[in-house]
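Source file: work06.cif (mmCIF, C-alpha atoms)
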```cif
data_run
#
loop_
_atom_site.group_PDB
_atom_site.id
_atom_site.type_symbol
_atom_site.label_atom_id
_atom_site.label_comp_id
_atom_site.auth_asym_id
_atom_site.auth_seq_id
_atom_site.Cartn_x
_atom_site.Cartn_y
_atom_site.Cartn_z
ATOM 1 C CA MET A 298 -107.623 197.273 148.403
ATOM 2 C CA ILE A 299 -110.189 194.480 148.493
ATOM 3 C CA VAL A 300 -110.079 192.258 151.580
ATOM 4 C CA ILE A 301 -111.251 188.728 150.787
ATOM 5 C CA GLY A 302 -112.040 186.185 153.478
ATOM 6 C CA ILE A 303 -111.918 182.449 152.779
ATOM 7 C CA THR A 304 -113.596 180.153 155.276
ATOM 8 C CA GLY A 305 -115.558 176.941 155.675
ATOM 9 C CA GLN A 306 -115.695 173.796 157.739
ATOM 10 C CA THR A 307 -112.582 171.742 158.429
ATOM 11 C CA GLY A 308 -111.544 169.611 155.473
ATOM 12 C CA ALA A 309 -113.640 171.586 152.982
ATOM 13 C CA GLY A 310 -110.656 172.792 150.960
ATOM 14 C CA LYS A 311 -109.874 176.359 152.010
ATOM 15 C CA SER A 312 -106.162 175.901 151.284
ATOM 16 C CA ILE A 313 -106.900 174.988 147.649
ATOM 17 C CA ALA A 314 -108.813 178.243 147.243
ATOM 18 C CA SER A 315 -106.005 180.206 148.911
ATOM 19 C CA ASP A 316 -103.427 178.612 146.637
ATOM 20 C CA VAL A 317 -105.322 179.876 143.575
ATOM 21 C CA PHE A 318 -105.214 183.464 144.863
ATOM 22 C CA LYS A 319 -101.548 183.047 145.844
ATOM 23 C CA SER A 320 -100.695 181.782 142.349
ATOM 24 C CA ARG A 321 -102.197 185.023 141.016
ATOM 25 C CA GLY A 322 -99.784 187.093 143.119
ATOM 26 C CA ILE A 323 -102.244 187.970 145.878
ATOM 27 C CA ARG A 324 -100.963 187.966 149.445
ATOM 28 C CA ILE A 325 -102.473 185.357 151.765
ATOM 29 C CA ILE A 326 -102.853 185.838 155.512
ATOM 30 C CA ASP A 327 -102.914 182.276 156.862
ATOM 31 C CA ALA A 328 -104.642 182.343 160.265
ATOM 32 C CA ASP A 329 -103.473 178.792 161.078
ATOM 33 C CA LYS A 330 -99.859 179.776 160.391
ATOM 34 C CA ILE A 331 -100.228 182.828 162.641
ATOM 35 C CA ALA A 332 -101.751 180.565 165.327
ATOM 36 C CA ARG A 333 -98.612 178.415 165.215
ATOM 37 C CA GLU A 334 -96.390 181.499 165.445
ATOM 38 C CA VAL A 335 -98.195 182.991 168.456
ATOM 39 C CA THR A 336 -97.944 179.662 170.324
ATOM 40 C CA SER A 337 -94.210 179.262 169.736
ATOM 41 C CA PRO A 338 -91.842 179.206 172.760
ATOM 42 C CA GLY A 339 -91.228 182.570 174.377
ATOM 43 C CA THR A 340 -94.497 184.232 173.419
ATOM 44 C CA GLU A 341 -97.067 185.458 175.922
ATOM 45 C CA VAL A 342 -99.685 183.120 174.417
ATOM 46 C CA TYR A 343 -97.298 180.184 174.872
ATOM 47 C CA ARG A 344 -96.758 181.070 178.536
ATOM 48 C CA ASN A 345 -100.504 181.456 179.141
ATOM 49 C CA ILE A 346 -101.255 178.052 177.599
ATOM 50 C CA LYS A 347 -98.558 176.443 179.744
ATOM 51 C CA ASN A 348 -99.900 178.098 182.900
ATOM 52 C CA LEU A 349 -103.542 177.242 182.240
ATOM 53 C CA PHE A 350 -103.247 173.800 180.603
ATOM 54 C CA GLY A 351 -100.072 172.397 182.160
ATOM 55 C CA GLU A 352 -96.684 170.973 181.164
ATOM 56 C CA GLU A 353 -98.207 167.727 179.832
ATOM 57 C CA PHE A 354 -99.251 169.521 176.637
ATOM 58 C CA PHE A 355 -95.673 170.342 175.689
ATOM 59 C CA LEU A 356 -93.051 168.174 173.997
ATOM 60 C CA GLU A 357 -89.542 167.498 175.305
ATOM 61 C CA ASP A 358 -88.092 170.254 173.127
ATOM 62 C CA GLY A 359 -90.474 172.743 174.773
ATOM 63 C CA THR A 360 -92.818 173.185 171.792
ATOM 64 C CA LEU A 361 -96.570 172.888 172.119
ATOM 65 C CA ASP A 362 -97.944 169.392 171.490
ATOM 66 C CA ARG A 363 -100.686 170.579 169.143
ATOM 67 C CA LYS A 364 -102.009 167.082 168.484
ATOM 68 C CA LYS A 365 -102.440 166.270 172.184
ATOM 69 C CA LEU A 366 -103.971 169.663 172.933
ATOM 70 C CA GLY A 367 -106.308 169.241 169.958
ATOM 71 C CA GLU A 368 -107.561 165.910 171.284
ATOM 72 C CA ILE A 369 -108.536 167.593 174.558
ATOM 73 C CA VAL A 370 -110.112 170.792 173.253
ATOM 74 C CA PHE A 371 -112.151 169.053 170.572
ATOM 75 C CA THR A 372 -113.823 166.878 173.212
ATOM 76 C CA ASN A 373 -114.224 169.544 175.907
ATOM 77 C CA SER A 374 -116.098 172.767 175.102
ATOM 78 C CA ASP A 375 -114.830 174.582 178.199
ATOM 79 C CA LYS A 376 -111.199 173.808 177.324
ATOM 80 C CA LEU A 377 -111.779 174.919 173.731
ATOM 81 C CA THR A 378 -113.322 178.194 174.915
ATOM 82 C CA LEU A 379 -110.367 178.738 177.253
ATOM 83 C CA LEU A 380 -107.809 178.093 174.507
ATOM 84 C CA ASN A 381 -109.646 180.385 172.082
ATOM 85 C CA SER A 382 -109.749 183.173 174.678
ATOM 86 C CA ILE A 383 -105.949 182.964 174.908
ATOM 87 C CA THR A 384 -105.112 182.716 171.209
ATOM 88 C CA HIS A 385 -107.808 184.525 169.217
ATOM 89 C CA PRO A 386 -107.239 188.131 170.387
ATOM 90 C CA GLU A 387 -103.549 187.924 169.458
ATOM 91 C CA ILE A 388 -104.239 186.271 166.087
ATOM 92 C CA CYS A 389 -106.874 188.890 165.193
ATOM 93 C CA SER A 390 -104.584 191.726 166.253
ATOM 94 C CA ILE A 391 -101.797 190.485 163.974
ATOM 95 C CA ILE A 392 -104.180 190.054 161.018
ATOM 96 C CA GLU A 393 -105.591 193.572 161.458
ATOM 97 C CA LYS A 394 -102.049 194.967 161.591
ATOM 98 C CA ILE A 395 -101.053 193.166 158.355
ATOM 99 C CA ILE A 396 -104.128 194.517 156.537
ATOM 100 C CA TYR A 397 -103.483 198.046 157.814
ATOM 101 C CA GLU A 398 -99.829 197.961 156.724
ATOM 102 C CA GLU A 399 -100.690 196.527 153.292
ATOM 103 C CA ASN A 400 -103.294 199.274 152.844
ATOM 104 C CA GLN A 401 -100.771 201.948 153.790
ATOM 105 C CA LYS A 402 -98.354 200.712 151.121
ATOM 106 C CA GLY A 403 -101.113 201.221 148.570
ATOM 107 C CA ASN A 404 -99.722 198.859 145.927
ATOM 108 C CA SER A 405 -101.970 195.801 146.432
ATOM 109 C CA LYS A 406 -105.298 195.250 144.680
ATOM 110 C CA ALA A 407 -106.362 192.619 147.195
ATOM 111 C CA ILE A 408 -105.393 190.598 150.229
ATOM 112 C CA VAL A 409 -106.864 187.276 151.383
ATOM 113 C CA ILE A 410 -107.562 186.086 154.927
ATOM 114 C CA ASP A 411 -107.645 182.283 155.076
ATOM 115 C CA ALA A 412 -109.329 181.559 158.422
ATOM 116 C CA PRO A 413 -111.520 178.633 159.526
ATOM 117 C CA LEU A 414 -112.985 180.833 162.285
ATOM 118 C CA LEU A 415 -113.361 183.959 160.145
ATOM 119 C CA LYS A 416 -116.966 184.569 161.259
ATOM 120 C CA GLN A 417 -116.632 183.289 164.801
ATOM 121 C CA VAL A 418 -113.927 185.803 165.729
ATOM 122 C CA GLY A 419 -115.381 188.701 163.736
ATOM 123 C CA LEU A 420 -112.723 188.872 161.005
ATOM 124 C CA ASP A 421 -115.492 188.749 158.409
ATOM 125 C CA LYS A 422 -116.252 192.365 159.399
ATOM 126 C CA LEU A 423 -112.909 193.345 157.846
ATOM 127 C CA CYS A 424 -113.793 191.661 154.547
ATOM 128 C CA ASP A 425 -115.362 193.102 151.413
ATOM 129 C CA ILE A 426 -115.924 189.572 150.077
ATOM 130 C CA VAL A 427 -116.439 186.332 152.019
ATOM 131 C CA ILE A 428 -115.847 183.098 150.105
ATOM 132 C CA VAL A 429 -117.083 179.855 151.652
ATOM 133 C CA ILE A 430 -115.835 176.447 150.549
ATOM 134 C CA THR A 431 -118.253 173.590 151.192
ATOM 135 C CA ALA A 432 -117.957 169.798 150.944
ATOM 136 C CA LYS A 433 -119.933 166.734 151.974
ATOM 137 C CA VAL A 434 -119.079 165.376 155.410
ATOM 138 C CA GLU A 435 -117.714 162.077 154.072
ATOM 139 C CA ASN A 436 -115.275 163.937 151.831
ATOM 140 C CA ARG A 437 -114.177 166.179 154.689
ATOM 141 C CA LEU A 438 -113.628 163.192 156.991
ATOM 142 C CA GLY A 439 -111.313 161.561 154.481
ATOM 143 C CA ARG A 440 -109.306 164.731 153.994
ATOM 144 C CA ILE A 441 -108.938 165.463 157.726
ATOM 145 C CA THR A 442 -107.755 161.942 158.638
ATOM 146 C CA LYS A 443 -105.181 162.033 155.840
ATOM 147 C CA ARG A 444 -104.062 165.638 156.420
ATOM 148 C CA ASP A 445 -103.689 165.470 160.202
ATOM 149 C CA SER A 446 -102.836 161.746 160.536
ATOM 150 C CA ILE A 447 -105.703 161.167 162.992
ATOM 151 C CA THR A 448 -108.395 158.515 163.338
ATOM 152 C CA SER A 449 -111.858 158.830 161.803
ATOM 153 C CA GLU A 450 -113.232 159.070 165.355
ATOM 154 C CA SER A 451 -111.021 162.074 166.146
ATOM 155 C CA ALA A 452 -111.945 163.687 162.832
ATOM 156 C CA GLU A 453 -115.649 163.217 163.569
ATOM 157 C CA LYS A 454 -115.216 164.909 166.960
ATOM 158 C CA ARG A 455 -113.625 167.920 165.277
ATOM 159 C CA ILE A 456 -116.455 168.144 162.768
ATOM 160 C CA LEU A 457 -119.092 167.921 165.498
ATOM 161 C CA LYS A 458 -117.442 170.797 167.382
ATOM 162 C CA GLN A 459 -117.855 173.115 164.391
ATOM 163 C CA GLU A 460 -120.822 175.143 163.283
ATOM 164 C CA ASP A 461 -122.991 173.543 160.601
ATOM 165 C CA GLU A 462 -122.712 174.447 156.921
ATOM 166 C CA GLY A 463 -125.670 176.842 157.130
ATOM 167 C CA TYR A 464 -123.772 179.035 159.581
ATOM 168 C CA TYR A 465 -120.947 179.528 157.098
ATOM 169 C CA ILE A 466 -122.987 180.110 153.946
ATOM 170 C CA LYS A 467 -125.561 182.426 155.549
ATOM 171 C CA ASP A 468 -123.599 185.633 154.885
ATOM 172 C CA ALA A 469 -121.305 184.394 152.115
ATOM 173 C CA THR A 470 -120.598 186.519 149.057
ATOM 174 C CA MET A 471 -119.614 183.452 147.054
ATOM 175 C CA ILE A 472 -119.914 179.700 147.702
ATOM 176 C CA PHE A 473 -117.821 177.007 146.034
ATOM 177 C CA SER A 474 -118.507 173.287 146.387
ATOM 178 C CA ASN A 475 -115.467 171.010 146.704
ATOM 179 C CA ASP A 476 -117.103 167.646 146.090
ATOM 180 C CA GLY A 477 -115.536 167.192 142.668
ATOM 181 C CA THR A 478 -111.862 167.216 141.711
ATOM 182 C CA ILE A 479 -109.247 169.706 142.877
ATOM 183 C CA GLU A 480 -108.863 170.806 139.259
ATOM 184 C CA GLU A 481 -112.573 171.629 139.034
ATOM 185 C CA LEU A 482 -112.438 173.745 142.191
ATOM 186 C CA ARG A 483 -109.327 175.569 140.993
ATOM 187 C CA ALA A 484 -110.949 176.301 137.641
ATOM 188 C CA GLU A 485 -114.075 177.733 139.292
ATOM 189 C CA ILE A 486 -112.061 179.973 141.616
ATOM 190 C CA ASN A 487 -109.781 181.123 138.786
ATOM 191 C CA LYS A 488 -112.894 182.177 136.857
ATOM 192 C CA TYR A 489 -114.074 184.147 139.883
ATOM 193 C CA VAL A 490 -110.683 185.846 140.316
ATOM 194 C CA ASP A 491 -110.845 186.858 136.653
ATOM 195 C CA LYS A 492 -114.315 188.271 137.222
ATOM 196 C CA LEU A 493 -112.969 190.372 140.119
ATOM 197 C CA GLY A 494 -110.285 191.755 137.834
ATOM 198 C CA LEU A 495 -107.439 190.504 139.975
#
```

Reformat the file's structure so that it appears as C-alpha coordinates.
Amino acid sequence: MIVIGITGQTGAGKSIASDVFKSRGIRIIDADKIAREVTSPGTEVYRNIKNLFGEEFFLEDGTLDRKKLGEIVFTNSDKLTLLNSITHPEICSIIEKIIYEENQKGNSKAIVIDAPLLKQVGLDKLCDIVIVITAKVENRLGRITKRDSITSESAEKRILKQEDEGYYIKDATMIFSNDGTIEELRAEINKYVDKLGL
(Lines of atoms letter the chains of each structure in order from A and count residues from 1; the text may use other names and numbers.)
(Lines give C-alpha, C1' and ligand atoms only; values in the text may rest on other atoms or scores of the structure.)
Protein backbone atom coordinates (compact mmCIF):
# COMPACT_ATOMS: atom_id res chain seq x y z
CA MET A 1 0.00 0.00 0.00
CA ILE A 2 1.36 3.39 -1.02
CA VAL A 3 1.18 6.10 1.65
CA ILE A 4 0.82 9.55 0.10
CA GLY A 5 1.25 12.74 2.09
CA ILE A 6 -0.33 16.01 0.97
CA THR A 7 0.95 19.20 2.56
CA GLY A 8 1.69 22.86 1.95
CA GLN A 9 1.17 26.27 3.46
CA THR A 10 -2.22 27.38 4.74
CA GLY A 11 -4.58 28.38 1.96
CA ALA A 12 -2.55 26.64 -0.75
CA GLY A 13 -5.30 24.17 -1.65
CA LYS A 14 -4.51 20.86 0.04
CA SER A 15 -8.21 19.99 0.36
CA ILE A 16 -8.69 20.26 -3.42
CA ALA A 17 -5.89 17.74 -3.93
CA SER A 18 -7.37 15.43 -1.28
CA ASP A 19 -10.79 15.62 -2.90
CA VAL A 20 -9.32 14.36 -6.19
CA PHE A 21 -7.86 11.28 -4.47
CA LYS A 22 -11.11 10.77 -2.53
CA SER A 23 -13.13 10.91 -5.77
CA ARG A 24 -10.93 8.07 -7.04
CA GLY A 25 -11.91 5.88 -4.08
CA ILE A 26 -8.74 6.43 -2.06
CA ARG A 27 -9.09 6.82 1.69
CA ILE A 28 -8.11 10.21 3.12
CA ILE A 29 -6.74 10.71 6.62
CA ASP A 30 -7.64 14.33 7.42
CA ALA A 31 -5.27 15.54 10.16
CA ASP A 32 -7.40 18.65 10.81
CA LYS A 33 -10.49 16.49 11.32
CA ILE A 34 -8.56 14.27 13.75
CA ALA A 35 -7.37 17.42 15.56
CA ARG A 36 -11.00 18.43 16.08
CA GLU A 37 -11.88 14.95 17.34
CA VAL A 38 -9.03 14.78 19.88
CA THR A 39 -10.00 18.20 21.28
CA SER A 40 -13.67 17.30 21.75
CA PRO A 41 -15.15 17.30 25.30
CA GLY A 42 -14.15 14.35 27.45
CA THR A 43 -10.82 13.60 25.81
CA GLU A 44 -7.48 13.80 27.60
CA VAL A 45 -6.27 16.43 25.12
CA TYR A 46 -9.37 18.52 25.85
CA ARG A 47 -8.71 18.34 29.60
CA ASN A 48 -5.04 19.26 29.14
CA ILE A 49 -5.91 22.30 27.02
CA LYS A 50 -8.44 23.45 29.62
CA ASN A 51 -5.92 23.02 32.44
CA LEU A 52 -3.06 24.77 30.65
CA PHE A 53 -4.92 27.51 28.74
CA GLY A 54 -7.94 28.19 30.95
CA GLU A 55 -11.74 28.26 30.79
CA GLU A 56 -11.81 31.43 28.67
CA PHE A 57 -10.96 29.39 25.57
CA PHE A 58 -14.13 27.33 25.81
CA LEU A 59 -17.66 28.16 24.68
CA GLU A 60 -20.79 28.01 26.84
CA ASP A 61 -21.63 24.53 25.56
CA GLY A 62 -18.21 23.32 26.76
CA THR A 63 -16.61 22.96 23.31
CA LEU A 64 -13.23 24.45 22.50
CA ASP A 65 -13.36 27.97 21.05
CA ARG A 66 -10.99 27.19 18.19
CA LYS A 67 -11.17 30.69 16.72
CA LYS A 68 -10.22 32.39 20.00
CA LEU A 69 -7.47 29.88 20.71
CA GLY A 70 -6.17 30.32 17.16
CA GLU A 71 -5.91 34.08 17.62
CA ILE A 72 -3.68 33.54 20.67
CA VAL A 73 -1.42 30.77 19.39
CA PHE A 74 -0.79 32.41 16.03
CA THR A 75 0.56 35.52 17.77
CA ASN A 76 2.48 33.77 20.56
CA SER A 77 5.13 31.17 19.68
CA ASP A 78 5.32 29.79 23.22
CA LYS A 79 1.56 29.21 23.33
CA LEU A 80 1.66 27.56 19.90
CA THR A 81 4.48 25.26 21.01
CA LEU A 82 2.52 24.37 24.15
CA LEU A 83 -0.65 23.58 22.20
CA ASN A 84 1.27 21.48 19.67
CA SER A 85 2.94 19.50 22.47
CA ILE A 86 -0.53 18.59 23.75
CA THR A 87 -2.22 17.75 20.45
CA HIS A 88 0.41 16.46 18.02
CA PRO A 89 1.43 13.20 19.77
CA GLU A 90 -2.20 12.06 19.92
CA ILE A 91 -2.93 13.06 16.31
CA CYS A 92 0.19 11.24 15.05
CA SER A 93 -0.65 8.15 17.08
CA ILE A 94 -4.14 7.95 15.56
CA ILE A 95 -2.80 8.42 12.02
CA GLU A 96 -0.18 5.69 12.49
CA LYS A 97 -2.87 3.34 13.82
CA ILE A 98 -5.15 4.00 10.80
CA ILE A 99 -2.29 3.28 8.36
CA TYR A 100 -1.34 0.10 10.22
CA GLU A 101 -4.94 -1.18 10.23
CA GLU A 102 -5.44 -0.34 6.54
CA ASN A 103 -2.21 -2.19 5.72
CA GLN A 104 -3.35 -5.23 7.70
CA LYS A 105 -6.58 -5.41 5.70
CA GLY A 106 -4.48 -5.61 2.55
CA ASN A 107 -7.18 -4.42 0.14
CA SER A 108 -6.10 -0.79 -0.43
CA LYS A 109 -3.67 0.35 -3.12
CA ALA A 110 -3.06 3.66 -1.39
CA ILE A 111 -3.96 5.91 1.50
CA VAL A 112 -3.54 9.69 1.74
CA ILE A 113 -2.51 11.78 4.74
CA ASP A 114 -3.75 15.37 4.36
CA ALA A 115 -1.71 17.29 6.96
CA PRO A 116 -0.50 20.91 6.99
CA LEU A 117 2.23 19.93 9.47
CA LEU A 118 3.19 16.67 7.74
CA LYS A 119 6.93 17.45 7.84
CA GLN A 120 6.98 19.32 11.13
CA VAL A 121 5.62 16.37 13.12
CA GLY A 122 7.51 13.68 11.18
CA LEU A 123 4.54 12.12 9.38
CA ASP A 124 6.42 12.50 6.11
CA LYS A 125 8.60 9.60 7.30
CA LEU A 126 5.56 7.33 6.92
CA CYS A 127 5.02 8.43 3.31
CA ASP A 128 6.24 6.89 0.08
CA ILE A 129 5.20 10.03 -1.81
CA VAL A 130 4.97 13.62 -0.54
CA ILE A 131 2.85 16.02 -2.61
CA VAL A 132 3.19 19.74 -1.92
CA ILE A 133 0.60 22.27 -3.06
CA THR A 134 1.93 25.80 -3.52
CA ALA A 135 0.27 29.17 -4.16
CA LYS A 136 1.22 32.84 -4.16
CA VAL A 137 0.75 34.59 -0.83
CA GLU A 138 -1.96 36.94 -2.13
CA ASN A 139 -4.03 33.98 -3.31
CA ARG A 140 -3.58 32.19 0.01
CA LEU A 141 -4.61 35.30 1.96
CA GLY A 142 -7.86 35.56 0.03
CA ARG A 143 -8.67 31.90 0.57
CA ILE A 144 -7.90 31.93 4.31
CA THR A 145 -10.01 35.03 5.05
CA LYS A 146 -12.95 33.55 3.15
CA ARG A 147 -12.56 30.00 4.50
CA ASP A 148 -12.10 30.87 8.17
CA SER A 149 -14.11 34.14 8.25
CA ILE A 150 -11.15 36.09 9.67
CA THR A 151 -9.57 39.44 8.88
CA SER A 152 -6.66 39.86 6.46
CA GLU A 153 -4.52 40.84 9.47
CA SER A 154 -5.29 37.56 11.25
CA ALA A 155 -4.63 35.62 8.05
CA GLU A 156 -1.27 37.34 7.62
CA LYS A 157 -0.29 36.39 11.18
CA ARG A 158 -1.06 32.75 10.44
CA ILE A 159 1.02 32.85 7.27
CA LEU A 160 3.95 34.46 9.07
CA LYS A 161 3.90 31.71 11.71
CA GLN A 162 4.41 29.03 9.05
CA GLU A 163 7.57 27.81 7.41
CA ASP A 164 8.36 29.36 4.03
CA GLU A 165 7.59 27.63 0.74
CA GLY A 166 11.16 26.35 0.40
CA TYR A 167 10.77 24.28 3.56
CA TYR A 168 7.82 22.42 2.08
CA ILE A 169 9.16 21.81 -1.42
CA LYS A 170 12.67 20.80 -0.34
CA ASP A 171 11.87 17.08 0.02
CA ALA A 172 8.72 16.92 -2.11
CA THR A 173 8.13 14.06 -4.53
CA MET A 174 5.70 16.16 -6.55
CA ILE A 175 4.80 19.87 -6.51
CA PHE A 176 1.57 21.36 -7.84
CA SER A 177 0.96 25.10 -8.19
CA ASN A 178 -2.53 26.35 -7.31
CA ASP A 179 -2.37 29.83 -8.80
CA GLY A 180 -4.73 29.02 -11.65
CA THR A 181 -8.27 27.67 -11.50
CA ILE A 182 -9.50 24.82 -9.31
CA GLU A 183 -10.29 22.89 -12.49
CA GLU A 184 -6.68 23.21 -13.67
CA LEU A 185 -5.34 21.90 -10.36
CA ARG A 186 -7.79 19.00 -10.36
CA ALA A 187 -6.83 18.08 -13.91
CA GLU A 188 -3.11 18.06 -13.06
CA ILE A 189 -3.62 15.89 -9.98
CA ASN A 190 -5.92 13.50 -11.85
CA LYS A 191 -3.17 13.05 -14.45
CA TYR A 192 -0.71 12.25 -11.66
CA VAL A 193 -3.09 9.74 -10.05
CA ASP A 194 -3.42 8.04 -13.44
CA LYS A 195 0.36 7.92 -13.71
CA LEU A 196 0.53 6.20 -10.30
CA GLY A 197 -1.94 3.60 -11.51
CA LEU A 198 -4.47 4.36 -8.83

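Relative to CA of Leu356 in chain A, CA of Arg333 in chain A is found at 14.6 Å.
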
**Q.** Top pick for closest residue to Gln306 in chain A, considering A:Leu414, A:Leu380, A:Leu366, A:Val409 and counting only C-alpha atoms
**A.**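 The answer is A:Leu414, which sits nearest to Gln306 in chain A.
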
Box centre and edge lengths (Å, one decimal), axis-aligned, range 435-440 of chain A plus 4 Å each side, as lines of an AutoDock Vina configuration file:
```
center_x = -113.5
center_y = 163.9
center_z = 154.4
size_x = 16.4
size_y = 12.6
size_z = 13.2
```

Applying 9 Å and all atoms listed in the file, which residues near Leu420 in chain A remain after dropping the ones on its own chain fewer than 4 positions away? List them as an mmCIF file with C-alpha atoms, keeping the file's coordinate frame.
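The resulting file, around_11.cif, is shown below:
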```cif
data_model
loop_
_atom_site.group_PDB
_atom_site.id
_atom_site.type_symbol
_atom_site.label_atom_id
_atom_site.label_comp_id
_atom_site.auth_asym_id
_atom_site.auth_seq_id
_atom_site.Cartn_x
_atom_site.Cartn_y
_atom_site.Cartn_z
ATOM 1 C CA GLY A 302 -112.040 186.185 153.478
ATOM 2 C CA CYS A 389 -106.874 188.890 165.193
ATOM 3 C CA ILE A 392 -104.180 190.054 161.018
ATOM 4 C CA GLU A 393 -105.591 193.572 161.458
ATOM 5 C CA ILE A 410 -107.562 186.086 154.927
ATOM 6 C CA ALA A 412 -109.329 181.559 158.422
ATOM 7 C CA LEU A 414 -112.985 180.833 162.285
ATOM 8 C CA LEU A 415 -113.361 183.959 160.145
ATOM 9 C CA LYS A 416 -116.966 184.569 161.259
ATOM 10 C CA CYS A 424 -113.793 191.661 154.547
#
```

**Q.** Expected selection from the PyMOL selection byres ((chain A and resi 466) around 10), given as a list in words
**A.**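 Selection result, ordered by chain and number: Thr304, Gly305, Val427, Ile428, Val429, Ile430, Thr431, Asp461, Glu462, Gly463, Tyr464, Tyr465, Lys467, Asp468, Ala469, Thr470, Met471, Ile472 and Phe473 of chain A.
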
Q. Using all atoms listed in the file, which of the listed residues (A:Ile426, A:Gly439, A:Arg444, A:Glu334) sits closest to Leu493 in chain A?
A. A:Ile426

Q) Which residue gives the smallest distance to Ile369 in chain A among A:Phe350, A:Ala328, A:Asn436, A:His385, with only C-alpha atoms counted? A)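 Of A:Phe350, A:Ala328, A:Asn436, A:His385, the one nearest Ile369 in chain A is A:Phe350, counting only C-alpha atoms.
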
Q: Convert the output of the PyMOL selection byres ((chain A and resi 313-323) around 7) on the shown file into explicit residues, formatted as a PyMOL selection string.
A: chain A and resi 310-312+324-325+407-408+411+483+486-487

Q) So, counting only C-alpha atoms, which residue among A:Ile383, A:Leu495, A:Ile447, A:Val370 is closest to Leu349 in chain A? A) A:Ile383

Q: Enumerate, as a PyMOL selection string, the protein, DNA and RNA residues whose atoms approach (-114.2, 169.1, 164.0) to within 12 Å, taking into account only C-alpha atoms and the coordinate frame of the file.
A: chain A and resi 305-309+367-368+370-374+377+413-414+434+437-438+440-442+445+447+449-461

Q.
If I take CA of Lys364 in chain A and CA of Gly351 in chain A, how far is one from the other in Å, to one decimal?
A. 14.8 Å

(Q) Expand the PyMOL selection byres ((chain A and resi 331) around 10) into the explicit residue set it covers here, and present it as a list in words. (A) Ile326, Asp327, Ala328, Asp329, Lys330, Ala332, Arg333, Glu334, Val335, Thr336, Ser337, Thr384, Glu387, Ile388, Cys389, Ile391 and Ile392 of chain A

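CA of Thr340 in chain A sits 22.3 Å away from CA of Glu398 in chain A.
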